[in-house]
Amino acid sequence: MIIFNSLTRQKEELVPGEDGKVGIYVCGPTVYGYIHVGNARPFVFFQVLARYLRDQGYDVTVVENITDVDDKIIDRAREEGRAPEKVSRFYSEAYIQDTGRLGLGRPDIEPRATEHIGEIIALCQKLIELDMAYETGGSVYYRVQRFPGYGKLSGQKTDQMKHLEPPREGEAKENPLDFAVWKAAKRGEPVWDSPWGPGRPGWHIECTAMSLKYLGESFDIHGGGRDLIFPHHENEVAQAEAVTGGEFVRYWMHNGMITRKEEKMSKSVGNIFLLREFLKHYDPRVLILFFAATHYRNPLEFSTTNLEEAQAQLDRLRNCYWKMHSVIEETEIVPDGEGAPSGEYLKDAIVRADKEFHAEMQDDANTAGALAALFGLVKAINEYTEEASVAGKADAELLGEARDLLTRFLRIIGIELTMADFVETGLEAELLELVEAREKARDERDYAEADAARDRIREAGYEIRDTPQGPRLVKRK
RNA sequence: GGCGACGUGGCCGAGUGGCUAGGCAGAGGUCUGCAAAACCUCGUACAGCGGUUCGAUUCCGCUCGUCGCCUCCA
């Protein structure tokens, strides 16, 4: 597989450190509020990447942290008049709930910063021993000038950086570029004991501590939003490599921002759309298709029309499955294909789609291209089911093969179509009576009556579709 | 000021030195009492200006425009 590495700014062949195994660390949220749609992009993308790698036979470990101690949380707690611990607990639960509804499962490990204070302190100590950090006033700062590689990830040069900001109150940094790895406690803040007195971790250090702990001193992929490259990831590199002396991460992957009216979705801009709000209005799979339609590194405009397109794609998929299901149920399934439409084009489409889908995914996880391959298969399946429906016969083996491939593609992309999507179960007798009434009216050419019945079925949440085998009901979206 | 990304047909959005992306919307058609769904047909687009080349949307340069990072941010 080829991956675009932010560090080298090139596409590179993915060569895992350990054969057949891939370790991925993703920067998860700082839990000081409900997550928004933008926050969901890395969660979704890296789950999808992991699915693809697993499909390719890799043993993948995804570690996605929850940062549950931070300035923002403390600010938020003050605003809400609650204890910071309560705030972080509340929003981390909300995060797990919201992302859980996406149906992508969980990362393998979801470590929390507050559960790794020991590791964090040990890291700080080590940095001090190496003279890469210094203690002052109960805080510990990283000595940026001492790390020669500083800026290699973000392409920033320390002498070019704007650091106009005057040092904040109580800060006694040697150099404005230095950043806190440990912060001396202030009143009302969560505290832990440390060799430098009571305090709490700085931002950045928790990710270094947890990634090193769960994935080792040098691991394969580190991901997150583009906006984390500087300073967050740059500082992670500085911390980790100072301590280990080796290469921290081999491949850095950064997803583009979600925008609204072409502007980044972020809390400071005030244009966020909460994930839980989104899920009130849309099927979670709409979000997944919406994300997949654009390459992960590109910005993605969160707009109604884009979402409607994703919705339309989901509907197209549902219809495709529905049609396959109907054919399997209602036409004569011929095991050896005897007498059924031969579907040469479907055989071709299966081969082509299989090739193209993987070629696209292999190329820096190009889900947009992969979707195109997938829809090529959908089209061929639709053509075949149409033909089979008319002929009343279908080649079971062929159709099964097509369905399995489509299902496999969708599972990689992060979508599962369940029976509930296209099968009518437990229909009320009343509804079936309406269908019969409509049929009777149609026989009698009383179309006004027939249409009235259809309207009532529609109101009940079902759509009627006449097929060569008679009327069928489909759940409305 | 520094670093970086992007500009594709009505819209969204891949991609490529010469060969059909795909989806949505639209037009016409097939099927249907009408629908719905599906299928078929239809659009020759790559910001502008130069350059390299037999040939550039694709490579190089410049211009214009949009965006991101350099401060919290997925």
# chains A, B, ... in the order shown; residues from 1 in each chain; ligands from 1
$ interface_residues --of "chain B" --to "chain A" --cutoff "9 Å" --atoms "only C-alpha atoms (C1' of nucleotides)" --output "PyMOL selection string"
chain B and resi 1-6+11-15+21-24+32-39+66-74
$ select_by_dssp --residues "range 197-296 of chain A" --states "helix (DSSP H, G or I)" --output "MDAnalysis selection string"
chainID A and resid 205:215 226:244 275:281 284:292
$ residues_around --residues "Lys183 in chain A" --least-positions-apart "2" --cutoff "9 Å" --atoms "only C-alpha atoms (C1' of nucleotides)" --output "list in words"
Gly138, Ser139, Val140, Tyr141, Ala180, Val181, Ala185, Lys186, Pro198, Gly199, Arg200, Pro201 and Gly202 of chain A
$ atom_distance --atom1 "CA of Asp404 in chain A" --atom2 "CA of Lys355 in chain A"
15.0 Å
$ closest_residue --among "A:Val243, A:Leu346, A:Leu300, A:Leu275" --to "Ile128 in chain A" --atoms "only C-alpha atoms"
A:Val243
$ closest_residue --among "A:Met253, A:Ala209, A:Ala172, A:Ala292" --to "Ile413 in chain A" --atoms "only C-alpha atoms"
A:Ala292
